[in-house]
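Q: Input model_7.txt, format and content: compact mmCIF, C-alpha atoms.
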```txt
# COMPACT_ATOMS: atom_id res chain seq x y z
CA MET A 1 164.29 147.86 110.16
CA GLU A 2 162.38 145.18 112.03
CA LYS A 3 164.25 141.90 112.43
CA GLY A 4 162.85 138.65 111.15
CA LYS A 5 162.20 135.60 113.30
CA LEU A 6 163.81 132.17 113.27
CA TYR A 7 161.24 129.37 113.61
CA ILE A 8 162.49 125.96 114.75
CA VAL A 9 159.98 123.69 113.02
CA ALA A 10 159.65 120.01 113.94
CA THR A 11 158.73 117.76 111.02
CA PRO A 12 157.44 114.14 110.93
CA ILE A 13 159.87 111.32 111.72
CA GLY A 14 157.97 108.94 109.46
CA ASN A 15 154.22 109.30 109.31
CA MET A 16 153.41 112.51 107.46
CA SER A 17 150.13 112.83 109.35
CA ASP A 18 152.16 113.71 112.45
CA ILE A 19 152.96 117.18 111.16
CA SER A 20 151.12 119.88 113.09
CA ALA A 21 148.79 122.47 111.61
CA ARG A 22 151.02 125.13 113.13
CA ALA A 23 154.10 123.69 111.42
CA VAL A 24 152.36 123.80 108.03
CA GLU A 25 151.15 127.34 108.70
CA THR A 26 154.67 128.42 109.70
CA LEU A 27 156.26 126.90 106.60
CA ARG A 28 153.67 128.63 104.41
CA GLY A 29 154.24 131.97 106.08
CA CYS A 30 158.04 132.08 106.18
CA ASP A 31 160.30 133.64 103.54
CA LEU A 32 162.96 130.94 103.52
CA VAL A 33 163.29 127.31 104.64
CA VAL A 34 166.66 126.14 105.96
CA CYS A 35 167.12 122.38 105.64
CA GLU A 36 169.65 119.54 105.58
CA ASP A 37 168.62 118.08 102.22
CA THR A 38 166.54 119.96 99.65
CA ARG A 39 165.24 116.67 98.19
CA ILE A 40 163.74 115.53 101.50
CA THR A 41 162.39 118.92 102.54
CA GLY A 42 161.27 119.63 98.99
CA ALA A 43 159.11 116.49 99.07
CA LEU A 44 157.60 117.58 102.38
CA LEU A 45 156.79 121.06 101.08
CA LYS A 46 155.33 119.64 97.87
CA LYS A 47 153.02 117.33 99.82
CA PHE A 48 151.46 120.36 101.51
CA ASP A 49 151.50 122.54 98.38
CA ILE A 50 154.14 124.89 99.75
CA SER A 51 156.66 126.59 97.50
CA LYS A 52 159.54 128.33 99.26
CA PRO A 53 163.21 128.98 98.51
CA MET A 54 165.46 126.57 100.42
CA PHE A 55 168.88 127.11 101.95
CA VAL A 56 171.05 124.09 102.77
CA ASN A 57 172.53 123.76 106.24
CA GLU A 58 174.70 120.74 107.08
CA ASP A 59 176.93 120.05 110.09
CA SER A 60 180.04 120.52 107.98
CA ARG A 61 178.86 123.90 106.67
CA GLU A 62 177.10 125.41 109.66
CA ARG A 63 179.92 127.66 110.83
CA ALA A 64 179.81 129.40 107.45
CA VAL A 65 176.04 129.21 107.04
CA ALA A 66 175.14 130.81 110.39
CA PRO A 67 176.46 134.33 109.57
CA ALA A 68 174.77 134.31 106.16
CA LEU A 69 171.42 133.33 107.67
CA LEU A 70 171.77 135.85 110.45
CA GLU A 71 172.21 138.57 107.84
CA LYS A 72 168.95 137.53 106.17
CA LEU A 73 167.13 137.56 109.51
CA LEU A 74 168.51 140.97 110.38
CA SER A 75 167.23 142.24 107.02
CA GLY A 76 163.70 141.28 108.06
CA LEU A 77 163.21 137.83 106.53
CA ASN A 78 161.40 135.18 108.53
CA VAL A 79 163.23 131.85 108.38
CA ALA A 80 162.02 128.32 109.16
CA LEU A 81 164.71 125.84 110.24
CA VAL A 82 163.91 122.16 109.71
CA SER A 83 165.87 118.91 109.79
CA ASP A 84 165.27 115.88 107.59
CA ALA A 85 163.01 114.45 110.30
CA GLY A 86 162.02 115.36 113.83
CA SER A 87 163.03 118.33 115.95
CA PRO A 88 165.92 120.44 114.63
CA CYS A 89 169.06 120.80 116.74
CA ILE A 90 168.49 117.43 118.47
CA SER A 91 171.46 115.46 117.08
CA ASP A 92 170.88 117.49 113.91
CA PRO A 93 172.31 120.79 112.60
CA GLY A 94 171.01 124.11 113.89
CA PHE A 95 172.71 124.83 117.22
CA ARG A 96 175.13 127.43 115.82
CA ILE A 97 172.37 129.23 113.96
CA VAL A 98 170.22 129.47 117.06
CA ARG A 99 173.20 130.62 119.14
CA ALA A 100 174.01 133.36 116.60
CA CYS A 101 170.39 134.55 116.65
CA ARG A 102 170.28 134.67 120.44
CA ALA A 103 173.50 136.69 120.52
CA ALA A 104 172.14 139.15 117.95
CA GLY A 105 168.77 139.60 119.62
CA VAL A 106 166.82 137.79 116.89
CA SER A 107 163.66 136.07 118.13
CA VAL A 108 163.82 132.26 118.09
CA VAL A 109 160.41 130.57 118.11
CA PRO A 110 160.01 126.79 118.60
CA VAL A 111 157.24 125.04 116.72
CA PRO A 112 157.10 121.74 118.65
CA GLY A 113 156.43 118.35 117.16
CA ALA A 114 157.90 114.91 116.63
CA CYS A 115 161.13 113.87 118.37
CA ALA A 116 162.27 110.27 117.95
CA PHE A 117 163.79 109.71 121.39
CA VAL A 118 160.81 111.22 123.21
CA ALA A 119 158.39 109.04 121.23
CA ALA A 120 160.47 105.93 121.93
CA LEU A 121 160.84 106.68 125.63
CA SER A 122 157.11 107.27 126.06
CA ALA A 123 156.31 103.84 124.60
CA SER A 124 159.21 101.85 126.04
CA GLY A 125 157.91 101.10 129.52
CA LEU A 126 161.34 102.00 130.94
CA PRO A 127 161.84 104.68 133.63
CA SER A 128 161.17 108.08 132.08
CA ASP A 129 161.25 110.48 135.01
CA SER A 130 164.99 111.18 134.71
CA PHE A 131 167.31 110.39 131.81
CA LEU A 132 170.47 111.31 129.90
CA PHE A 133 170.16 111.68 126.14
CA SER A 134 173.56 111.21 124.48
CA GLY A 135 172.67 111.17 120.79
CA PHE A 136 175.07 109.17 118.60
CA LEU A 137 178.03 107.58 120.37
CA PRO A 138 181.42 107.48 118.58
CA ALA A 139 181.77 104.89 115.82
CA LYS A 140 184.83 103.21 117.34
CA THR A 141 184.26 100.21 119.60
CA SER A 142 186.81 101.40 122.15
CA ALA A 143 185.07 104.77 122.54
CA ARG A 144 181.63 103.20 122.87
CA ARG A 145 182.82 100.75 125.49
CA ALA A 146 184.56 103.54 127.40
CA PHE A 147 181.24 105.40 127.53
CA PHE A 148 179.36 102.34 128.77
CA GLU A 149 182.02 101.72 131.43
CA LYS A 150 181.79 105.33 132.61
CA TYR A 151 177.98 105.24 132.88
CA ALA A 152 177.48 101.59 133.88
CA ASP A 153 176.22 102.58 137.34
CA PHE A 154 174.51 105.82 136.26
CA PRO A 155 171.25 105.98 138.28
CA HIS A 156 169.14 107.32 135.41
CA THR A 157 167.93 106.01 132.05
CA LEU A 158 170.35 106.36 129.12
CA ILE A 159 169.10 107.18 125.61
CA PHE A 160 170.98 107.06 122.29
CA TYR A 161 170.48 107.25 118.54
CA GLU A 162 172.16 104.66 116.32
CA SER A 163 172.28 103.86 112.62
CA PRO A 164 171.31 100.48 111.12
CA TYR A 165 174.94 100.01 110.07
CA ARG A 166 176.26 100.07 113.64
CA ILE A 167 173.35 98.85 115.74
CA GLU A 168 174.60 95.26 116.11
CA LYS A 169 178.09 96.39 117.17
CA PHE A 170 176.47 98.86 119.57
CA ALA A 171 174.43 96.03 121.09
CA GLU A 172 177.47 93.75 121.37
CA ASP A 173 179.52 96.44 123.12
CA ALA A 174 176.66 97.22 125.53
CA LEU A 175 176.27 93.51 126.29
CA GLU A 176 179.99 93.09 126.93
CA VAL A 177 180.17 96.01 129.34
CA LEU A 178 176.72 96.18 130.96
CA GLY A 179 175.83 92.50 131.07
CA GLY A 180 172.90 90.52 129.76
CA GLU A 181 170.53 91.29 132.63
CA ARG A 182 170.33 95.03 131.90
CA VAL A 183 166.84 96.02 130.71
CA VAL A 184 166.78 97.84 127.38
CA CYS A 185 164.53 99.01 124.57
CA PHE A 186 165.71 99.13 120.96
CA ALA A 187 163.09 101.00 118.91
CA LYS A 188 163.34 101.21 115.13
CA GLU A 189 161.44 102.97 112.37
CA ILE A 190 159.22 104.87 114.82
CA SER A 191 155.88 105.90 113.28
CA LYS A 192 156.73 104.10 110.01
CA VAL A 193 155.24 100.94 108.50
CA TYR A 194 157.89 98.63 109.98
CA GLU A 195 158.03 100.20 113.44
CA ARG A 196 159.22 97.69 116.02
CA PHE A 197 160.18 97.73 119.70
CA PHE A 198 162.62 95.20 121.13
CA VAL A 199 162.17 95.37 124.91
CA GLY A 200 163.65 93.08 127.53
CA ARG A 201 166.94 91.85 128.92
CA LEU A 202 169.93 92.94 126.85
CA SER A 203 170.98 89.36 126.15
CA ASP A 204 167.53 88.52 124.77
CA VAL A 205 167.32 91.71 122.70
CA CYS A 206 170.75 91.07 121.19
CA ALA A 207 169.58 87.61 120.14
CA GLU A 208 166.41 89.05 118.59
CA LEU A 209 168.39 91.62 116.62
CA LYS A 210 170.49 88.92 115.01
CA SER A 211 167.40 87.32 113.47
CA ALA A 212 165.48 90.51 112.67
CA SER A 213 165.80 93.20 110.03
CA THR A 214 167.88 96.09 111.33
CA LYS A 215 166.94 98.42 108.48
CA GLY A 216 166.04 101.89 109.73
CA GLU A 217 167.20 104.32 112.38
CA PHE A 218 167.22 103.19 116.02
CA VAL A 219 166.57 104.76 119.39
CA VAL A 220 168.28 102.77 122.16
CA ILE A 221 167.07 103.13 125.76
CA ILE A 222 168.98 101.54 128.64
CA ALA A 223 167.36 101.33 132.08
CA PRO A 224 169.41 101.99 135.24
CA LYS A 225 171.29 99.07 136.76
CA GLY A 226 169.02 96.91 138.89
CA TYR A 227 165.78 97.87 137.13
CA GLU A 228 163.50 94.90 136.41
CA LEU A 229 160.53 94.61 134.08
```
Here is a file; write its structure as structure tokens.
A:
Amino acid sequence: MEKGKLYIVATPIGNMSDISARAVETLRGCDLVVCEDTRITGALLKKFDISKPMFVNEDSRERAVAPALLEKLLSGLNVALVSDAGSPCISDPGFRIVRACRAAGVSVVPVPGACAFVAALSASGLPSDSFLFSGFLPAKTSARRAFFEKYADFPHTLIFYESPYRIEKFAEDALEVLGGERVVCFAKEISKVYERFFVGRLSDVCAELKSASTKGEFVVIIAPKGYEL
């Protein structure tokens, strides 16, 4: 029996017009859509008049989900893996499923598209030739500060994701450890109606955040020490 294929399908991070024709075609042609939240993915599928069975995959369930999905792929089903927004497996579930497919000889096909940190970096004006993407830092202040202390003199750009609930504490910890002169970009709600970029010295950006709405997900970009605008 011929094996199915696993398609890693990037979805919009805000503006629905950002979805690619290939992504829509792939979702229409697959047998099953694996997602984080059936409500979010269901709305996406409905917008493009696509009706497919959905299979929930969350971080907490992925160890159990991966073998079940692999079985479906080995039986010949073609599966599309999506996250709630952006490129799957980038600070989102999917890694274990892809690893299981690679080990079993199942074809894994990327369908490229939106990725929040790439979009933010491209529009930030900060050095983009070499960087370290670290996703979400730990929630505890001590752990965040330890990370900043470890990478304070890192000679490449640092990139993170952060939630609206922790962004001010993140900024305060970065300011305490890295100093107010460090050049940063805090980008929120990329591609959405209230998209905004805060770019400048860390001390100035921290002040701006205190008087601005912090609703929405953030990408934080920190330039190497010594970089000037």
Q: Can you tell me, as a short mmCIF file (atom, residue, chain, number, x, y, z; two decimals) with C-alpha atoms, in the frame of the given file, what residues are no more than 10 Å from Ala174 (chain A) when counting all atoms listed in the file, ignoring any on the same chain fewer than 6 positions away?
A:
```cif
data_model
loop_
_atom_site.label_atom_id
_atom_site.label_comp_id
_atom_site.auth_asym_id
_atom_site.auth_seq_id
_atom_site.Cartn_x
_atom_site.Cartn_y
_atom_site.Cartn_z
CA ARG A 144 181.63 103.20 122.87
CA ARG A 145 182.82 100.75 125.49
CA PHE A 147 181.24 105.40 127.53
CA PHE A 148 179.36 102.34 128.77
CA GLU A 149 182.02 101.72 131.43
CA ALA A 152 177.48 101.59 133.88
CA GLU A 168 174.60 95.26 116.11
CA GLY A 180 172.90 90.52 129.76
CA ARG A 182 170.33 95.03 131.90
CA LEU A 202 169.93 92.94 126.85
CA SER A 203 170.98 89.36 126.15
CA CYS A 206 170.75 91.07 121.19
CA ILE A 222 168.98 101.54 128.64
#
```
Q: Tell me which of A:Leu137, A:Ala80, A:Ile221, A:Leu27 sits closest to Ile159 (chain A), counting all atoms listed in the file.
A: A:Ile221
Q: Considering only C-alpha atoms, return as a VMD selection string whatever protein or nucleic-acid residues lie within 10 Å of Lys215 (chain A), sequence-local ones (same chain, fewer than 4 positions apart) excluded.
A: chain A and resid 163 to 165 167 188 to 189 194
Q: Expressed in Å to a single decimal, how great is the separation between CA of Leu32 (chain A) and CA of Ser17 (chain A)?
A: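 Separation between CA of Leu32 (chain A) and CA of Ser17 (chain A): 22.9 Å.
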Q: Smallest atom-to-atom distance to Phe186 (chain A): which of A:Gly42, A:Gly125, A:Pro224, A:Gly113, using all atoms listed in the file?
A: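 Among the listed residues, A:Gly125 lies closest to Phe186 (chain A).
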Q: Can you tell me, as a list of chain:residue names, what residues are no more than 9 Å from region 96-111 of chain A when counting all atoms listed in the file, ignoring any on the same chain fewer than 4 positions away?
A: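 After dropping sequence-adjacent residues, the list is A:Lys3, A:Gly4, A:Lys5, A:Leu6, A:Tyr7, A:Ile8, A:Val9, A:Ala10, A:Ser20, A:Arg22, A:Ala23, A:Thr26, A:Glu62, A:Arg63, A:Val65, A:Ala66, A:Pro67, A:Leu69, A:Leu70, A:Leu73, A:Leu74, A:Ser87, A:Cys89.
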Q: Considering only C-alpha atoms, can you say which of A:Thr38, A:Ser211, A:Ser124, A:Thr141 comes closest to Ala187 (chain A)?
A: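 Between A:Thr38, A:Ser211, A:Ser124, A:Thr141, the residue approaching Ala187 (chain A) most closely is A:Ser124.
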Q: Which value, in Å to one decimal, gives the distance between CA of Ala116 (chain A) and CA of Gly86 (chain A)?
A: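 Separation of CA of Ala116 (chain A) and CA of Gly86 (chain A): 6.6 Å.
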Q: So how many Å separate CA of Lys46 (chain A) and CA of Glu195 (chain A), to one decimal?
A: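 Calculated distance between CA of Lys46 (chain A) and CA of Glu195 (chain A) is 25.1 Å.
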Q: May I have the protein, DNA and RNA residues with any atom at most 12 Å from the point (167.6, 127.6, 100.9), counting all atoms listed in the file, written as an NGL selection string?
A: :A and (30-39 or 41-42 or 51-58 or 65 or 68-69 or 72 or 79-82)
Q: Within 9 Å of region 154-158 of chain A, counting all atoms listed in the file, which residues qualify if same-chain residues fewer than 3 places away don't, as a VMD selection string?
A: chain A and resid 126 to 134 150 to 151 220 to 225
Q: Could you dump the residues just selected with C-alpha atoms as a compact mmCIF listing (two decimals), in the frame of the given file?
A:
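Below you can see again-v8.txt, which holds the result:
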```txt
# COMPACT_ATOMS: atom_id res chain seq x y z
CA LEU A 126 161.34 102.00 130.94
CA PRO A 127 161.84 104.68 133.63
CA SER A 128 161.17 108.08 132.08
CA ASP A 129 161.25 110.48 135.01
CA SER A 130 164.99 111.18 134.71
CA PHE A 131 167.31 110.39 131.81
CA LEU A 132 170.47 111.31 129.90
CA PHE A 133 170.16 111.68 126.14
CA SER A 134 173.56 111.21 124.48
CA LYS A 150 181.79 105.33 132.61
CA TYR A 151 177.98 105.24 132.88
CA VAL A 220 168.28 102.77 122.16
CA ILE A 221 167.07 103.13 125.76
CA ILE A 222 168.98 101.54 128.64
CA ALA A 223 167.36 101.33 132.08
CA PRO A 224 169.41 101.99 135.24
CA LYS A 225 171.29 99.07 136.76
```
Q: For Asp204 (chain A), which residue among A:Ala171, A:Val24, A:Ala43, A:Ile190 is the nearest when counting all atoms listed in the file?
A: A:Ala171
Q: Which is closer to Pro88 (chain A) than all the others in A:Ala146, A:Ile13, A:Glu25, A:Ser191, using only C-alpha atoms?
A: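 Residue with the minimum atom-to-atom distance to Pro88 (chain A): A:Ile13.
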Q: Given the choices A:Leu229, A:Ile50, A:Ile90, A:Leu175, which gets closest to Gly200 (chain A) if the distance is worked out from all atoms listed in the file?
A: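 Closest residue, counting all atoms listed in the file: A:Leu229.
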Q: Take region 59-79 of chain A from the block and save it with N, CA and C atoms, as an mmCIF file, in the first residue's frame.
A:
```cif
data_model
loop_
_atom_site.group_PDB
_atom_site.id
_atom_site.type_symbol
_atom_site.label_atom_id
_atom_site.label_comp_id
_atom_site.auth_asym_id
_atom_site.auth_seq_id
_atom_site.Cartn_x
_atom_site.Cartn_y
_atom_site.Cartn_z
ATOM 1 N N ASP A 59 0.188 20.488 22.331
ATOM 2 C CA ASP A 59 1.477 20.140 22.932
ATOM 3 C C ASP A 59 1.339 19.026 23.968
ATOM 4 N N SER A 60 0.307 19.128 24.784
ATOM 5 C CA SER A 60 0.142 18.176 25.882
ATOM 6 C C SER A 60 -0.259 16.787 25.404
ATOM 7 N N ARG A 61 -0.738 16.691 24.172
ATOM 8 C CA ARG A 61 -1.237 15.411 23.657
ATOM 9 C C ARG A 61 -0.359 14.811 22.567
ATOM 10 N N GLU A 62 0.662 15.535 22.138
ATOM 11 C CA GLU A 62 1.349 15.157 20.906
ATOM 12 C C GLU A 62 2.050 13.809 20.977
ATOM 13 N N ARG A 63 2.557 13.446 22.133
ATOM 14 C CA ARG A 63 3.217 12.143 22.252
ATOM 15 C C ARG A 63 2.257 11.006 21.931
ATOM 16 N N ALA A 64 0.998 11.172 22.325
ATOM 17 C CA ALA A 64 -0.009 10.151 22.048
ATOM 18 C C ALA A 64 -0.579 10.290 20.642
ATOM 19 N N VAL A 65 -0.676 11.520 20.162
ATOM 20 C CA VAL A 65 -1.266 11.784 18.851
ATOM 21 C C VAL A 65 -0.374 11.298 17.716
ATOM 22 N N ALA A 66 0.933 11.462 17.853
ATOM 23 C CA ALA A 66 1.868 11.137 16.762
ATOM 24 C C ALA A 66 1.715 9.707 16.249
ATOM 25 N N PRO A 67 1.681 8.685 17.115
ATOM 26 C CA PRO A 67 1.531 7.317 16.608
ATOM 27 C C PRO A 67 0.204 7.097 15.878
ATOM 28 N N ALA A 68 -0.859 7.710 16.372
ATOM 29 C CA ALA A 68 -2.171 7.553 15.741
ATOM 30 C C ALA A 68 -2.182 8.171 14.346
ATOM 31 N N LEU A 69 -1.562 9.341 14.207
ATOM 32 C CA LEU A 69 -1.498 9.979 12.899
ATOM 33 C C LEU A 69 -0.593 9.214 11.938
ATOM 34 N N LEU A 70 0.494 8.710 12.478
ATOM 35 C CA LEU A 70 1.408 7.930 11.633
ATOM 36 C C LEU A 70 0.686 6.717 11.055
ATOM 37 N N GLU A 71 -0.146 6.101 11.845
ATOM 38 C CA GLU A 71 -0.913 4.941 11.373
ATOM 39 C C GLU A 71 -1.819 5.334 10.201
ATOM 40 N N LYS A 72 -2.443 6.495 10.306
ATOM 41 C CA LYS A 72 -3.313 6.963 9.222
ATOM 42 C C LYS A 72 -2.499 7.239 7.954
ATOM 43 N N LEU A 73 -1.332 7.836 8.126
ATOM 44 C CA LEU A 73 -0.466 8.115 6.977
ATOM 45 C C LEU A 73 0.021 6.830 6.327
ATOM 46 N N LEU A 74 0.365 5.861 7.142
ATOM 47 C CA LEU A 74 0.842 4.582 6.608
ATOM 48 C C LEU A 74 -0.267 3.831 5.884
ATOM 49 N N SER A 75 -1.520 4.147 6.229
ATOM 50 C CA SER A 75 -2.655 3.494 5.556
ATOM 51 C C SER A 75 -2.983 4.152 4.223
ATOM 52 N N GLY A 76 -2.283 5.270 3.921
ATOM 53 C CA GLY A 76 -2.475 5.920 2.625
ATOM 54 C C GLY A 76 -3.165 7.263 2.663
ATOM 55 N N LEU A 77 -3.575 7.735 3.841
ATOM 56 C CA LEU A 77 -4.238 9.031 3.926
ATOM 57 C C LEU A 77 -3.227 10.167 3.808
ATOM 58 N N ASN A 78 -3.621 11.221 3.123
ATOM 59 C CA ASN A 78 -2.815 12.435 3.059
ATOM 60 C C ASN A 78 -3.303 13.391 4.140
ATOM 61 N N VAL A 79 -2.361 13.913 4.938
ATOM 62 C CA VAL A 79 -2.699 14.696 6.113
ATOM 63 C C VAL A 79 -2.078 16.089 6.009
#
```
